[in-house]
Amino acid sequence: MTVQEPVIVIDNLHKSYGKVQAVKGISMRVEQGEIFGFLGPNGAGKTTTIRCMLDVIRPTSGTLRVLGLDAQREKMALHQRIGYLPGDVRLPGQMTGKQIINYFSRLQGREPVLLDDLVARFDVELKRQLKGYSKGMRQKIGVVLAFMCDPDVLILDEPTSGLDPLLQRTFNEFLLQEQARGKTIFMSSHIMSDVEKVCQRVAVIRKGEIVTIEEVEKLRQKAGQRVTVEFGDAVSPDDLSRIPGVSMVTSHNHAYHFNVGGSMDALIKALSRHEVLRLQAEEAPLEEVFLKFYENPQVETTTTGTR
Amino acid sequence: MATTSISKSIAAPKKRSRGLIITRVSLDNAKTLLGAGAFYILFIALVIGFLYPTLSGINFSSYLTSNAVAGLVGAKLKNVSSFSSLIGVELYSSIYALLWGGIIAFMAGAALPATFENGTLDLALARPISRTRYFLELWLSAVLGAIFLSLAATLSIWLATLFVKNADIDWSWLAIAELIELALMFLASGIGMFFGSFINASRAAGGAAFGIIALAYLMNTFGTLSDKLSWMLKIEPLYYTQGIQALSEHSITGWYPAVLVVAGLVCGIAGLVIFNRRDLPTT
């Protein structure tokens, strides 16, 4: 692998199931040491892309390289260095947690060097048969299986699914520690709040096409501020919509809610012409930006974050 | 909840021997099926042993030499009162090729789809395991299951001979009969692996494989009933499975077992090619 080559390179990936095009020519790059979010609604093509990366399904066309290795032709060498967490962790009920860990550690051909740390960190039950495990407990086992042999690249399909908020926080802290150790993490999700805490960049996929690839920080700037103003005099929504940077104006009980992108200067000057009873501004939730991407791909189709 | 921090200097993971871990787990999954098969083999051998003093006095000639019964058991026997003939009818006839061949066909058919159903297929193939190795290890588990049933049959007959007076078992021919049945079960395993390579539900794949063995049994029965239907015999596997003739009459056609083995290889390799080429189902 050359020094400059990104850890994950996907070029013009297509995947069709008969007449159904699940993935339509997506391309992206993920750099070493990056936590990359892959966002999209259910059925958008996230899992299909991940399964192509693992050679569980074969692309119709396009190339996939991970760690400089072709995902199909050199998969044996590649799979020695990756960890995978599937979206729906199902495990054989008759085995215990300890047995399943031994099984997959042997299939990996490596000792599970991180096992003790992971078991302690996520409070994993190993002695019981897996058939008695809840979804969250199975998900914890899935996390252990993905990370235990200390792989260089982690491919995680909706990793926090089924984890309680406390464990989600523990998991996010763990991801950041792994990133600090130089690991590259590619994680899919359909929930923005899951990825915005840990990811540096995100790609949004909708109906098999990449809608945007962007740095999370830039998306935050785009989302701007969520402002609530309560007026003492009559103000029309059209007056507010005409203020530069103001969008998504709604009203409720004499209070107006809207987003402000960029500088607040024009808004403040406009408000000064009215009687303002209450003014509240907070960071706009990224969920709203992503919902726009999910619902309407014409909102923006940039790939400015592609490196 | 305990929290710890990962040490900055984690030793590189040591290599670990894989062994035949996929085969072992697959055999473990099939232990109930194989255990049931072994139990019935033992049960039948012991029952024949206990009943032999009575059975040996019964004249089965007209019964067992009829076309109808010959069709059911898969052979026309000349001497039907010896212990080896009776144990042959019970353990090495086509009825029992149907049952134990069916067990192996079902086991092999279910082996691969079961790993999809229990969620381990994706996780296993995301590790440095080729699809070919995965498939072959599962096939090996079915073949080992067949060997286990053959050994169970030999052991059961030996136990029966401990209390049967004048048991006329020729152990060399018993071994040959066992190898012939093993060849059939190898074919059954190949048929099972073939169906398991493209059917995603374990019971459907196992059932389809068992269905082929059952169909072969029906063809064997009808083919023996009438000369006009004898063409059926040569295109089904039980015709080439002469375990009962080997044990009872010490005669076989030498190349017949090779037909079973080659057919098993063809089925299994076809399954391997399909499994290697297909997209695996989404969980």
# chains A, B, ... in the order shown; residues from 1 in each chain; ligands from 1
>>> interface_residues(of="chain B", to="chain A", cutoff="6 Å", atoms="only C-alpha atoms", output="PyMOL selection string")
chain B and resi 2-4+13-18+118-119+126-128+279-280
>>> write_last_selection(atoms="C-alpha atoms", output="mmCIF file, in the first residue's frame")
data_model
loop_
_atom_site.group_PDB
_atom_site.id
_atom_site.type_symbol
_atom_site.label_atom_id
_atom_site.label_comp_id
_atom_site.auth_asym_id
_atom_site.auth_seq_id
_atom_site.Cartn_x
_atom_site.Cartn_y
_atom_site.Cartn_z
ATOM 1 C CA ALA B 2 -16.448 -1.477 34.974
ATOM 2 C CA THR B 3 -14.510 0.743 32.656
ATOM 3 C CA THR B 4 -10.931 0.384 31.688
ATOM 4 C CA PRO B 13 -2.143 -10.875 18.483
ATOM 5 C CA LYS B 14 -0.408 -14.234 18.355
ATOM 6 C CA LYS B 15 -1.417 -16.608 15.600
ATOM 7 C CA ARG B 16 -3.891 -19.286 16.514
ATOM 8 C CA SER B 17 -4.393 -22.666 14.921
ATOM 9 C CA ARG B 18 -7.752 -22.930 13.172
ATOM 10 C CA ASN B 118 -27.971 -18.702 13.088
ATOM 11 C CA GLY B 119 -26.078 -15.638 11.901
ATOM 12 C CA ALA B 126 -15.701 -11.742 7.131
ATOM 13 C CA ARG B 127 -12.690 -13.567 8.558
ATOM 14 C CA PRO B 128 -9.778 -15.024 6.593
ATOM 15 C CA ASP B 279 -24.405 -13.606 -3.428
ATOM 16 C CA LEU B 280 -25.074 -14.675 0.114
#
>>> residues_around(residues="B:Phe198", least_positions_apart="5", cutoff="10 Å", atoms="only C-alpha atoms", output="list in words")
Gly109, Leu112, Pro113, Met193, Ala205, Gly271, Leu272, Ile274, Phe275, Arg278, Asp279, Leu280 and Pro281 of chain B
>>> write_last_selection(atoms="N, CA and C atoms", output="mmCIF file, in the first residue's frame")
data_model
loop_
_atom_site.group_PDB
_atom_site.id
_atom_site.type_symbol
_atom_site.label_atom_id
_atom_site.label_comp_id
_atom_site.auth_asym_id
_atom_site.auth_seq_id
_atom_site.Cartn_x
_atom_site.Cartn_y
_atom_site.Cartn_z
ATOM 1 N N GLY B 109 -27.574 -31.196 3.854
ATOM 2 C CA GLY B 109 -28.390 -30.136 3.257
ATOM 3 C C GLY B 109 -28.588 -28.969 4.197
ATOM 4 N N LEU B 112 -25.091 -25.876 5.685
ATOM 5 C CA LEU B 112 -24.727 -24.529 5.238
ATOM 6 C C LEU B 112 -25.836 -23.506 5.527
ATOM 7 N N PRO B 113 -27.094 -23.781 5.148
ATOM 8 C CA PRO B 113 -28.142 -22.791 5.456
ATOM 9 C C PRO B 113 -28.300 -22.544 6.963
ATOM 10 N N MET B 193 -25.134 -31.188 0.196
ATOM 11 C CA MET B 193 -24.331 -29.974 0.025
ATOM 12 C C MET B 193 -24.761 -29.211 -1.217
ATOM 13 N N ALA B 205 -33.628 -27.138 2.591
ATOM 14 C CA ALA B 205 -32.489 -27.754 1.891
ATOM 15 C C ALA B 205 -32.309 -29.204 2.333
ATOM 16 N N GLY B 271 -22.207 -28.047 -5.987
ATOM 17 C CA GLY B 271 -22.613 -27.186 -4.874
ATOM 18 C C GLY B 271 -21.526 -26.183 -4.511
ATOM 19 N N LEU B 272 -20.292 -26.633 -4.528
ATOM 20 C CA LEU B 272 -19.162 -25.748 -4.199
ATOM 21 C C LEU B 272 -19.068 -24.600 -5.207
ATOM 22 N N ILE B 274 -21.480 -23.373 -7.046
ATOM 23 C CA ILE B 274 -22.622 -22.463 -6.834
ATOM 24 C C ILE B 274 -22.366 -21.564 -5.627
ATOM 25 N N PHE B 275 -21.907 -22.168 -4.531
ATOM 26 C CA PHE B 275 -21.687 -21.402 -3.300
ATOM 27 C C PHE B 275 -20.613 -20.333 -3.504
ATOM 28 N N ARG B 278 -22.265 -17.346 -5.767
ATOM 29 C CA ARG B 278 -23.522 -16.649 -5.479
ATOM 30 C C ARG B 278 -23.337 -15.512 -4.472
ATOM 31 N N ASP B 279 -24.301 -14.598 -4.488
ATOM 32 C CA ASP B 279 -24.405 -13.606 -3.428
ATOM 33 C C ASP B 279 -25.054 -14.278 -2.233
ATOM 34 N N LEU B 280 -24.481 -14.058 -1.070
ATOM 35 C CA LEU B 280 -25.074 -14.675 0.114
ATOM 36 C C LEU B 280 -26.238 -13.829 0.596
ATOM 37 N N PRO B 281 -27.249 -14.475 1.171
ATOM 38 C CA PRO B 281 -28.464 -13.735 1.516
ATOM 39 C C PRO B 281 -28.210 -12.695 2.600
#
>>> select_by_dssp(residues="stretch 18-127 of chain B", states="helix (DSSP H, G or I)", output="number ranges by chain")
B: 21-29, 31-55, 61-64, 67-73, 83-91, 94-117, 120-125
>>> write_last_selection(atoms="C-alpha atoms", output="PDB file, in the first residue's frame")
ATOM      1  CA  ILE B  21     -13.245 -25.719  13.880  1.00  0.00           C
ATOM      2  CA  ILE B  22     -16.063 -25.331  11.320  1.00  0.00           C
ATOM      3  CA  THR B  23     -16.350 -29.123  11.023  1.00  0.00           C
ATOM      4  CA  ARG B  24     -16.395 -29.518  14.794  1.00  0.00           C
ATOM      5  CA  VAL B  25     -19.141 -26.952  15.289  1.00  0.00           C
ATOM      6  CA  SER B  26     -21.196 -28.435  12.450  1.00  0.00           C
ATOM      7  CA  LEU B  27     -20.916 -31.912  13.966  1.00  0.00           C
ATOM      8  CA  ASP B  28     -21.937 -30.468  17.297  1.00  0.00           C
ATOM      9  CA  ASN B  29     -25.029 -28.946  15.653  1.00  0.00           C
ATOM     10  CA  LYS B  31     -25.336 -34.410  17.300  1.00  0.00           C
ATOM     11  CA  THR B  32     -29.039 -34.944  18.022  1.00  0.00           C
ATOM     12  CA  LEU B  33     -29.689 -36.186  14.489  1.00  0.00           C
ATOM     13  CA  LEU B  34     -26.639 -38.461  14.491  1.00  0.00           C
ATOM     14  CA  GLY B  35     -27.372 -39.639  18.025  1.00  0.00           C
ATOM     15  CA  ALA B  36     -30.895 -40.628  16.996  1.00  0.00           C
ATOM     16  CA  GLY B  37     -29.539 -42.492  13.958  1.00  0.00           C
ATOM     17  CA  ALA B  38     -27.007 -44.373  16.084  1.00  0.00           C
ATOM     18  CA  PHE B  39     -29.632 -45.194  18.701  1.00  0.00           C
ATOM     19  CA  TYR B  40     -31.952 -46.786  16.145  1.00  0.00           C
ATOM     20  CA  ILE B  41     -29.085 -48.761  14.607  1.00  0.00           C
ATOM     21  CA  LEU B  42     -28.198 -50.140  18.024  1.00  0.00           C
ATOM     22  CA  PHE B  43     -31.817 -50.762  18.894  1.00  0.00           C
ATOM     23  CA  ILE B  44     -32.508 -52.682  15.668  1.00  0.00           C
ATOM     24  CA  ALA B  45     -29.330 -54.778  15.919  1.00  0.00           C
ATOM     25  CA  LEU B  46     -30.094 -55.766  19.495  1.00  0.00           C
ATOM     26  CA  VAL B  47     -33.746 -56.536  18.732  1.00  0.00           C
ATOM     27  CA  ILE B  48     -32.725 -58.783  15.827  1.00  0.00           C
ATOM     28  CA  GLY B  49     -30.189 -60.429  18.132  1.00  0.00           C
ATOM     29  CA  PHE B  50     -32.771 -61.109  20.819  1.00  0.00           C
ATOM     30  CA  LEU B  51     -35.396 -62.311  18.331  1.00  0.00           C
ATOM     31  CA  TYR B  52     -33.027 -64.387  16.202  1.00  0.00           C
ATOM     32  CA  PRO B  53     -33.783 -67.749  17.856  1.00  0.00           C
ATOM     33  CA  THR B  54     -37.436 -67.289  16.901  1.00  0.00           C
ATOM     34  CA  LEU B  55     -36.879 -65.607  13.538  1.00  0.00           C
ATOM     35  CA  SER B  61     -38.345 -67.778   1.555  1.00  0.00           C
ATOM     36  CA  SER B  62     -41.557 -67.140  -0.321  1.00  0.00           C
ATOM     37  CA  TYR B  63     -41.860 -63.723   1.312  1.00  0.00           C
ATOM     38  CA  LEU B  64     -38.370 -62.361   0.795  1.00  0.00           C
ATOM     39  CA  ASN B  67     -40.671 -59.210  -6.376  1.00  0.00           C
ATOM     40  CA  ALA B  68     -42.654 -56.960  -4.067  1.00  0.00           C
ATOM     41  CA  VAL B  69     -40.494 -57.568  -1.000  1.00  0.00           C
ATOM     42  CA  ALA B  70     -37.338 -57.666  -3.083  1.00  0.00           C
ATOM     43  CA  GLY B  71     -38.324 -54.212  -4.262  1.00  0.00           C
ATOM     44  CA  LEU B  72     -38.812 -53.012  -0.716  1.00  0.00           C
ATOM     45  CA  VAL B  73     -35.491 -54.313   0.584  1.00  0.00           C
ATOM     46  CA  PHE B  83     -28.301 -64.105  11.118  1.00  0.00           C
ATOM     47  CA  SER B  84     -26.256 -62.183   8.539  1.00  0.00           C
ATOM     48  CA  SER B  85     -29.241 -62.184   6.130  1.00  0.00           C
ATOM     49  CA  LEU B  86     -31.641 -60.942   8.760  1.00  0.00           C
ATOM     50  CA  ILE B  87     -29.290 -58.236   9.996  1.00  0.00           C
ATOM     51  CA  GLY B  88     -28.633 -57.416   6.334  1.00  0.00           C
ATOM     52  CA  VAL B  89     -32.354 -56.935   5.680  1.00  0.00           C
ATOM     53  CA  GLU B  90     -32.659 -54.671   8.705  1.00  0.00           C
ATOM     54  CA  LEU B  91     -29.434 -52.680   8.509  1.00  0.00           C
ATOM     55  CA  SER B  94     -32.514 -50.153   0.706  1.00  0.00           C
ATOM     56  CA  ILE B  95     -35.018 -49.285   3.443  1.00  0.00           C
ATOM     57  CA  TYR B  96     -32.161 -48.492   5.736  1.00  0.00           C
ATOM     58  CA  ALA B  97     -30.153 -46.820   3.031  1.00  0.00           C
ATOM     59  CA  LEU B  98     -33.235 -44.625   2.797  1.00  0.00           C
ATOM     60  CA  LEU B  99     -33.264 -43.899   6.523  1.00  0.00           C
ATOM     61  CA  TRP B 100     -29.561 -43.417   7.268  1.00  0.00           C
ATOM     62  CA  GLY B 101     -28.731 -42.075   3.847  1.00  0.00           C
ATOM     63  CA  GLY B 102     -31.644 -39.731   4.470  1.00  0.00           C
ATOM     64  CA  ILE B 103     -30.193 -38.632   7.791  1.00  0.00           C
ATOM     65  CA  ILE B 104     -26.875 -37.767   6.166  1.00  0.00           C
ATOM     66  CA  ALA B 105     -28.603 -36.047   3.221  1.00  0.00           C
ATOM     67  CA  PHE B 106     -30.642 -33.943   5.641  1.00  0.00           C
ATOM     68  CA  MET B 107     -27.618 -33.164   7.798  1.00  0.00           C
ATOM     69  CA  ALA B 108     -25.518 -32.083   4.803  1.00  0.00           C
ATOM     70  CA  GLY B 109     -28.390 -30.136   3.257  1.00  0.00           C
ATOM     71  CA  ALA B 110     -29.026 -28.214   6.454  1.00  0.00           C
ATOM     72  CA  ALA B 111     -25.362 -27.617   7.352  1.00  0.00           C
ATOM     73  CA  LEU B 112     -24.727 -24.529   5.238  1.00  0.00           C
ATOM     74  CA  PRO B 113     -28.142 -22.791   5.456  1.00  0.00           C
ATOM     75  CA  ALA B 114     -28.135 -23.348   9.229  1.00  0.00           C
ATOM     76  CA  THR B 115     -25.083 -21.117   9.500  1.00  0.00           C
ATOM     77  CA  PHE B 116     -26.958 -18.419   7.620  1.00  0.00           C
ATOM     78  CA  GLU B 117     -29.985 -18.870   9.875  1.00  0.00           C
ATOM     79  CA  THR B 120     -22.572 -17.100  11.794  1.00  0.00           C
ATOM     80  CA  LEU B 121     -22.124 -17.283   7.990  1.00  0.00           C
ATOM     81  CA  ASP B 122     -21.514 -13.549   7.445  1.00  0.00           C
ATOM     82  CA  LEU B 123     -19.315 -13.330  10.520  1.00  0.00           C
ATOM     83  CA  ALA B 124     -17.261 -16.346   9.456  1.00  0.00           C
ATOM     84  CA  LEU B 125     -16.765 -15.178   5.868  1.00  0.00           C
TER      85      LEU B 125
END
>>> residues_around(residues="A:Gln221", least_positions_apart="5", cutoff="10 Å", atoms="only C-alpha atoms", output="PyMOL selection string")
chain A and resi 216+260-262+283-284+286
>>> write_last_selection(atoms="C-alpha atoms", output="short mmCIF file (atom, residue, chain, number, x, y, z; two decimals), in the first residue's frame")
data_model
loop_
_atom_site.label_atom_id
_atom_site.label_comp_id
_atom_site.auth_asym_id
_atom_site.auth_seq_id
_atom_site.Cartn_x
_atom_site.Cartn_y
_atom_site.Cartn_z
CA VAL A 216 -19.47 16.95 10.33
CA VAL A 260 -30.29 30.98 10.67
CA GLY A 261 -27.29 29.99 8.62
CA GLY A 262 -24.07 32.00 8.81
CA GLU A 283 -27.30 25.09 17.68
CA ALA A 284 -29.66 23.57 15.11
CA LEU A 286 -28.08 18.03 12.49
#
>>> select_by_dssp(residues="stretch 86-294 of chain A", states="strand (DSSP E or B)", output="NGL selection string")
:A and (96 or 110 or 129 or 153-157 or 184-189 or 201-206 or 209-215 or 225-231 or 246-252 or 255-260 or 276-283)
>>> closest_residue(among="A:Thr60, A:Gln179, A:Gln200, A:Gln72", to="A:Gly33", atoms="only C-alpha atoms")
A:Gln179
>>> residues_around(residues="B:Phe186", least_positions_apart="6", cutoff="8 Å", atoms="only C-alpha atoms", output="mmCIF file with C-alpha atoms, in the first residue's frame")
data_model
loop_
_atom_site.group_PDB
_atom_site.id
_atom_site.type_symbol
_atom_site.label_atom_id
_atom_site.label_comp_id
_atom_site.auth_asym_id
_atom_site.auth_seq_id
_atom_site.Cartn_x
_atom_site.Cartn_y
_atom_site.Cartn_z
ATOM 1 C CA VAL B 143 -18.896 -37.395 5.811
ATOM 2 C CA ALA B 146 -21.650 -40.985 7.882
ATOM 3 C CA LEU B 260 -21.918 -43.651 -5.882
ATOM 4 C CA VAL B 261 -18.659 -41.913 -5.004
ATOM 5 C CA GLY B 264 -21.402 -37.722 -4.773
#
>>> residues_around(residues="A:Ile35", least_positions_apart="3", cutoff="10 Å", atoms="only C-alpha atoms", output="list in words")
Val30, Glu31, Gln32, Phe38, Leu154, Leu175, Leu176, Glu178, Gln179, Lys183, Thr184, Ile185, Phe186, Met187, Val195, Val198, Cys199, Gln200, Arg201 and Val202 of chain A
>>> write_last_selection(atoms="C-alpha atoms", output="mmCIF file, in the first residue's frame")
data_model
loop_
_atom_site.group_PDB
_atom_site.id
_atom_site.type_symbol
_atom_site.label_atom_id
_atom_site.label_comp_id
_atom_site.auth_asym_id
_atom_site.auth_seq_id
_atom_site.Cartn_x
_atom_site.Cartn_y
_atom_site.Cartn_z
ATOM 1 C CA VAL A 30 -11.745 6.946 3.993
ATOM 2 C CA GLU A 31 -8.370 7.967 5.392
ATOM 3 C CA GLN A 32 -6.334 6.132 8.001
ATOM 4 C CA PHE A 38 -22.213 6.205 6.416
ATOM 5 C CA LEU A 154 -13.423 -1.793 11.637
ATOM 6 C CA LEU A 175 -14.312 4.225 19.327
ATOM 7 C CA LEU A 176 -12.434 7.447 20.017
ATOM 8 C CA GLU A 178 -9.402 3.095 19.063
ATOM 9 C CA GLN A 179 -9.109 6.014 16.666
ATOM 10 C CA LYS A 183 -7.596 2.419 13.785
ATOM 11 C CA THR A 184 -9.823 3.312 10.850
ATOM 12 C CA ILE A 185 -13.524 2.939 11.487
ATOM 13 C CA PHE A 186 -16.290 2.848 8.888
ATOM 14 C CA MET A 187 -19.703 2.843 10.527
ATOM 15 C CA VAL A 195 -22.430 9.381 14.281
ATOM 16 C CA VAL A 198 -17.585 10.409 16.908
ATOM 17 C CA CYS A 199 -17.313 10.848 13.141
ATOM 18 C CA GLN A 200 -15.131 13.383 11.395
ATOM 19 C CA ARG A 201 -16.886 12.961 8.050
ATOM 20 C CA VAL A 202 -20.102 11.441 6.886
#
>>> atom_distance(atom1="atom CA of A:Asp233", atom2="atom CA of A:Gly245")
22.4 Å
